Structures are given as C-alpha cells and as structure tokens.
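In what follows, a single structure is set out as structure tokens and then discussed.
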Amino acid sequence: MHPERVHDAREVPLDERYFEDYTAGFTQGYGSLVVTEREIVDFAARFDPQSFHLDPVAAERGPFGGLIASGWHTVALMMKLFAEHYLSTVASLGSPGVDELRWLEPVRPGTRLRLRVHTLDTRLSRSDPGRGVVRTLAELIDAEGSPVLRVTVVNLLRTRPGTGRPAQQTV
C-alpha cells in the first residue's frame, strides 16, 4: 500500500482521482462491451488487412477457423475500457509505454469482454515529485472468465494538489 494513500480508487471518481488513489494490490473489474463482426472488419480494413480479420469466408479456411479481431483492435478495446473506468481524467500525463503485451485467445464476433485491472506498484517520479508512476496489469476477460489479452500498462499521474508536493503543470 502506498504510504500516502488518500482513498481507495473505487471510492474516487475519475475526475477526482490522483496518483495517491492508486495503490498496489488493488484489483477490480470494469465495463462490458460486445465485439461485432462489422467492427472487426472495419478495424482490419483500416489497420490490419489480413484475411482472417477482413473476410469471413476466407477466414473459415484460415488458421483460426473463422473471423477474429486483430490483436491491435483488442488492445484498442482494452484502452477504451481502461480510459473510461480506471484512468484519471484530471491527473493522467500519458504513458511511456507498456510491458509484456500478450494476446492469449482469439476474439470472435459476438464475444463479450470486460476489463480487469490489478495495480502492481506505484512510486513517485525520481525526476519530478509532482507526479508518480503507476504500473497496472490490465486484462480483457471473456464471458467465461478467461483472459484474451494481458498487458502491463505504465502511466504517469499528477499527485493530488495540496499534498505538500508540487503538482505537475500542464503545458
């Protein structure tokens, strides 16, 4: 647990959530969405034009035995749920990247997905005490409870104003 923890992230709305509200060990499930065939094909046509993402007939003869979402589409769905339910809207300063991205199962049309997050660790920035680093294991889980995507997300977040540390200024 972070020594200066103010709240549990579940108790704090996204528009009031700061670095101090993210604590190691926190686990929570969020949101729900259904992946449609149209979304799969539209995403693939724009960003990943492989036959098993684009053409249901060709996909039947392909390596997955049917149409599947691009892994990058699956990552985008995770990010949608992550931003809507977990990531602060007032303190987020972006991300330096992700670690260990894994696609665990194909995502097919009609699959219902939800987000599960587990806050791995938090620490104040070494270069700027007005912000902190939060590492979160994010998983997309299907209706059977099996993860289809797993990624460790690293986020930079402002500290709460008035905590005695300077807040990161917006430029």
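Each chain in the structure tokens gets a letter, A, B and so on, in the order shown; residues start at 1 in every chain, and ligands are counted from 1 in the order they appear.
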
Which of chain A counts as strand (DSSP E) under DSSP, as a count of residues only please?
52

Pick out each residue of segment 33-81 of chain A that DSSP on the backbone tags as alpha helix (DSSP H); I need them as a ChimeraX atom specification.
/A:37-47,51-54,56-60,71-81

Can those selected residues be exported to a file as a PDB file, in the first residue's frame so that it contains N, CA and C atoms?
ATOM      1  N   GLU A  37     -18.976  -8.195 -35.698  1.00  0.00           N
ATOM      2  CA  GLU A  37     -18.298  -8.521 -36.947  1.00  0.00           C
ATOM      3  C   GLU A  37     -17.977  -7.251 -37.730  1.00  0.00           C
ATOM      4  N   ARG A  38     -18.914  -6.324 -37.771  1.00  0.00           N
ATOM      5  CA  ARG A  38     -18.702  -5.073 -38.508  1.00  0.00           C
ATOM      6  C   ARG A  38     -17.499  -4.314 -37.964  1.00  0.00           C
ATOM      7  N   GLU A  39     -17.373  -4.220 -36.619  1.00  0.00           N
ATOM      8  CA  GLU A  39     -16.233  -3.530 -36.011  1.00  0.00           C
ATOM      9  C   GLU A  39     -14.930  -4.235 -36.354  1.00  0.00           C
ATOM     10  N   ILE A  40     -14.936  -5.562 -36.321  1.00  0.00           N
ATOM     11  CA  ILE A  40     -13.728  -6.334 -36.634  1.00  0.00           C
ATOM     12  C   ILE A  40     -13.269  -6.046 -38.062  1.00  0.00           C
ATOM     13  N   VAL A  41     -14.212  -6.119 -39.000  1.00  0.00           N
ATOM     14  CA  VAL A  41     -13.880  -5.912 -40.416  1.00  0.00           C
ATOM     15  C   VAL A  41     -13.473  -4.457 -40.664  1.00  0.00           C
ATOM     16  N   ASP A  42     -14.193  -3.515 -40.076  1.00  0.00           N
ATOM     17  CA  ASP A  42     -13.857  -2.093 -40.278  1.00  0.00           C
ATOM     18  C   ASP A  42     -12.458  -1.771 -39.753  1.00  0.00           C
ATOM     19  N   PHE A  43     -12.135  -2.260 -38.544  1.00  0.00           N
ATOM     20  CA  PHE A  43     -10.806  -2.015 -37.980  1.00  0.00           C
ATOM     21  C   PHE A  43      -9.741  -2.640 -38.884  1.00  0.00           C
ATOM     22  N   ALA A  44      -9.958  -3.876 -39.277  1.00  0.00           N
ATOM     23  CA  ALA A  44      -8.978  -4.576 -40.115  1.00  0.00           C
ATOM     24  C   ALA A  44      -8.771  -3.873 -41.448  1.00  0.00           C
ATOM     25  N   ALA A  45      -9.841  -3.405 -42.051  1.00  0.00           N
ATOM     26  CA  ALA A  45      -9.728  -2.716 -43.343  1.00  0.00           C
ATOM     27  C   ALA A  45      -8.838  -1.481 -43.227  1.00  0.00           C
ATOM     28  N   ARG A  46      -8.900  -0.817 -42.082  1.00  0.00           N
ATOM     29  CA  ARG A  46      -8.109   0.395 -41.887  1.00  0.00           C
ATOM     30  C   ARG A  46      -6.701   0.126 -41.395  1.00  0.00           C
ATOM     31  N   PHE A  47      -6.522  -0.904 -40.527  1.00  0.00           N
ATOM     32  CA  PHE A  47      -5.258  -1.002 -39.805  1.00  0.00           C
ATOM     33  C   PHE A  47      -4.552  -2.359 -39.846  1.00  0.00           C
ATOM     34  N   SER A  51      -6.605 -11.519 -44.112  1.00  0.00           N
ATOM     35  CA  SER A  51      -7.869 -12.167 -44.485  1.00  0.00           C
ATOM     36  C   SER A  51      -8.660 -12.696 -43.292  1.00  0.00           C
ATOM     37  N   PHE A  52      -7.990 -13.174 -42.255  1.00  0.00           N
ATOM     38  CA  PHE A  52      -8.740 -13.715 -41.109  1.00  0.00           C
ATOM     39  C   PHE A  52      -9.346 -12.627 -40.238  1.00  0.00           C
ATOM     40  N   HIS A  53      -9.050 -11.343 -40.562  1.00  0.00           N
ATOM     41  CA  HIS A  53      -9.700 -10.209 -39.901  1.00  0.00           C
ATOM     42  C   HIS A  53     -10.719  -9.534 -40.823  1.00  0.00           C
ATOM     43  N   LEU A  54     -10.572  -9.738 -42.123  1.00  0.00           N
ATOM     44  CA  LEU A  54     -11.348  -8.987 -43.114  1.00  0.00           C
ATOM     45  C   LEU A  54     -12.490  -9.742 -43.768  1.00  0.00           C
ATOM     46  N   PRO A  56     -14.956 -13.024 -43.769  1.00  0.00           N
ATOM     47  CA  PRO A  56     -15.477 -14.185 -43.041  1.00  0.00           C
ATOM     48  C   PRO A  56     -15.361 -15.500 -43.812  1.00  0.00           C
ATOM     49  N   VAL A  57     -15.523 -15.472 -45.130  1.00  0.00           N
ATOM     50  CA  VAL A  57     -15.441 -16.697 -45.931  1.00  0.00           C
ATOM     51  C   VAL A  57     -13.999 -17.192 -45.975  1.00  0.00           C
ATOM     52  N   ALA A  58     -13.069 -16.311 -46.293  1.00  0.00           N
ATOM     53  CA  ALA A  58     -11.656 -16.704 -46.324  1.00  0.00           C
ATOM     54  C   ALA A  58     -11.177 -17.109 -44.932  1.00  0.00           C
ATOM     55  N   ALA A  59     -11.676 -16.441 -43.910  1.00  0.00           N
ATOM     56  CA  ALA A  59     -11.264 -16.740 -42.538  1.00  0.00           C
ATOM     57  C   ALA A  59     -11.648 -18.162 -42.127  1.00  0.00           C
ATOM     58  N   GLU A  60     -12.746 -18.687 -42.662  1.00  0.00           N
ATOM     59  CA  GLU A  60     -13.155 -20.071 -42.369  1.00  0.00           C
ATOM     60  C   GLU A  60     -12.062 -21.060 -42.765  1.00  0.00           C
ATOM     61  N   GLY A  71      -5.351  -8.323 -33.104  1.00  0.00           N
ATOM     62  CA  GLY A  71      -4.843  -8.103 -31.757  1.00  0.00           C
ATOM     63  C   GLY A  71      -4.776  -6.625 -31.420  1.00  0.00           C
ATOM     64  N   TRP A  72      -4.475  -5.794 -32.419  1.00  0.00           N
ATOM     65  CA  TRP A  72      -4.401  -4.354 -32.188  1.00  0.00           C
ATOM     66  C   TRP A  72      -5.782  -3.779 -31.916  1.00  0.00           C
ATOM     67  N   HIS A  73      -6.795  -4.339 -32.530  1.00  0.00           N
ATOM     68  CA  HIS A  73      -8.179  -3.955 -32.237  1.00  0.00           C
ATOM     69  C   HIS A  73      -8.494  -4.311 -30.781  1.00  0.00           C
ATOM     70  N   THR A  74      -8.072  -5.486 -30.359  1.00  0.00           N
ATOM     71  CA  THR A  74      -8.303  -5.930 -28.987  1.00  0.00           C
ATOM     72  C   THR A  74      -7.613  -4.987 -27.987  1.00  0.00           C
ATOM     73  N   VAL A  75      -6.399  -4.560 -28.316  1.00  0.00           N
ATOM     74  CA  VAL A  75      -5.699  -3.596 -27.463  1.00  0.00           C
ATOM     75  C   VAL A  75      -6.487  -2.284 -27.404  1.00  0.00           C
ATOM     76  N   ALA A  76      -7.023  -1.833 -28.535  1.00  0.00           N
ATOM     77  CA  ALA A  76      -7.806  -0.594 -28.558  1.00  0.00           C
ATOM     78  C   ALA A  76      -9.061  -0.720 -27.690  1.00  0.00           C
ATOM     79  N   LEU A  77      -9.692  -1.893 -27.697  1.00  0.00           N
ATOM     80  CA  LEU A  77     -10.865  -2.122 -26.845  1.00  0.00           C
ATOM     81  C   LEU A  77     -10.471  -2.071 -25.371  1.00  0.00           C
ATOM     82  N   MET A  78      -9.320  -2.654 -25.044  1.00  0.00           N
ATOM     83  CA  MET A  78      -8.828  -2.595 -23.665  1.00  0.00           C
ATOM     84  C   MET A  78      -8.624  -1.137 -23.265  1.00  0.00           C
ATOM     85  N   MET A  79      -8.000  -0.363 -24.149  1.00  0.00           N
ATOM     86  CA  MET A  79      -7.714   1.033 -23.831  1.00  0.00           C
ATOM     87  C   MET A  79      -8.989   1.825 -23.642  1.00  0.00           C
ATOM     88  N   LYS A  80     -10.010   1.549 -24.431  1.00  0.00           N
ATOM     89  CA  LYS A  80     -11.308   2.220 -24.267  1.00  0.00           C
ATOM     90  C   LYS A  80     -11.844   1.993 -22.855  1.00  0.00           C
ATOM     91  N   LEU A  81     -11.887   0.742 -22.415  1.00  0.00           N
ATOM     92  CA  LEU A  81     -12.394   0.431 -21.078  1.00  0.00           C
ATOM     93  C   LEU A  81     -11.474   0.985 -19.995  1.00  0.00           C
TER      94      LEU A  81
END

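Using only C-alpha atoms, the contacts of Leu101 of chain A at a cut-off of 12 Å, with sequence neighbours closer than 3 positions omitted, comprise Gly71, Trp72, Thr74, Val75, Met78, Gly97, Val98, Leu104, Leu137, Ala138, Glu139, Leu140, Val148, Leu149, Arg150, Val151, Thr152, Val153 and Val154 of chain A.
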
Filtering to C-alpha atoms, could you give me those residues as an mmCIF file, in the first residue's frame?
data_model
loop_
_atom_site.group_PDB
_atom_site.id
_atom_site.type_symbol
_atom_site.label_atom_id
_atom_site.label_comp_id
_atom_site.auth_asym_id
_atom_site.auth_seq_id
_atom_site.Cartn_x
_atom_site.Cartn_y
_atom_site.Cartn_z
ATOM 1 C CA GLY A 71 -4.843 -8.103 -31.757
ATOM 2 C CA TRP A 72 -4.401 -4.354 -32.188
ATOM 3 C CA THR A 74 -8.303 -5.930 -28.987
ATOM 4 C CA VAL A 75 -5.699 -3.596 -27.463
ATOM 5 C CA MET A 78 -8.828 -2.595 -23.665
ATOM 6 C CA GLY A 97 4.796 2.592 -22.827
ATOM 7 C CA VAL A 98 3.597 -0.872 -21.955
ATOM 8 C CA LEU A 104 -3.944 -15.121 -25.228
ATOM 9 C CA LEU A 137 -1.755 -5.354 -15.125
ATOM 10 C CA ALA A 138 -4.735 -4.963 -17.458
ATOM 11 C CA GLU A 139 -6.630 -7.951 -18.827
ATOM 12 C CA LEU A 140 -9.594 -8.294 -21.132
ATOM 13 C CA VAL A 148 -7.943 -12.951 -24.000
ATOM 14 C CA LEU A 149 -5.416 -10.105 -23.618
ATOM 15 C CA ARG A 150 -2.886 -9.282 -20.920
ATOM 16 C CA VAL A 151 -0.670 -6.193 -20.810
ATOM 17 C CA THR A 152 1.230 -4.248 -18.180
ATOM 18 C CA VAL A 153 0.420 -0.562 -18.606
ATOM 19 C CA VAL A 154 2.689 2.165 -17.231
#

Which residues are near segment 19-31 of chain A? Cut-off 10 Å, only C-alpha atoms, ignore same chain within fewer than 4 positions. Put them as a VMD selection string.
chain A and resid 1 to 12 80 to 82 84 to 88 91 to 92 113 to 124 130 to 141 155 to 160 163

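Relative to atom CA of Ala83 of chain A, atom CA of Leu67 of chain A is found at 27.0 Å.
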
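Separating atom CA of Phe64 of chain A from atom CA of Pro109 of chain A is a distance of 12.8 Å.
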
Could you pull the residues within 7 Å of Thr111 of chain A, counting only C-alpha atoms, minus those fewer than 4 positions along the same chain, as an MDAnalysis selection string?
chainID A and resid 34:35 107 142

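Straight-line separation from atom CA of Ser95 of chain A to atom CA of Pro13 of chain A: 20.4 Å.
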
Taking into account only C-alpha atoms, which residue in the set A:Asp99, A:Leu14, A:Pro106, A:Pro147 is nearest to Pro63 of chain A?
A:Pro106
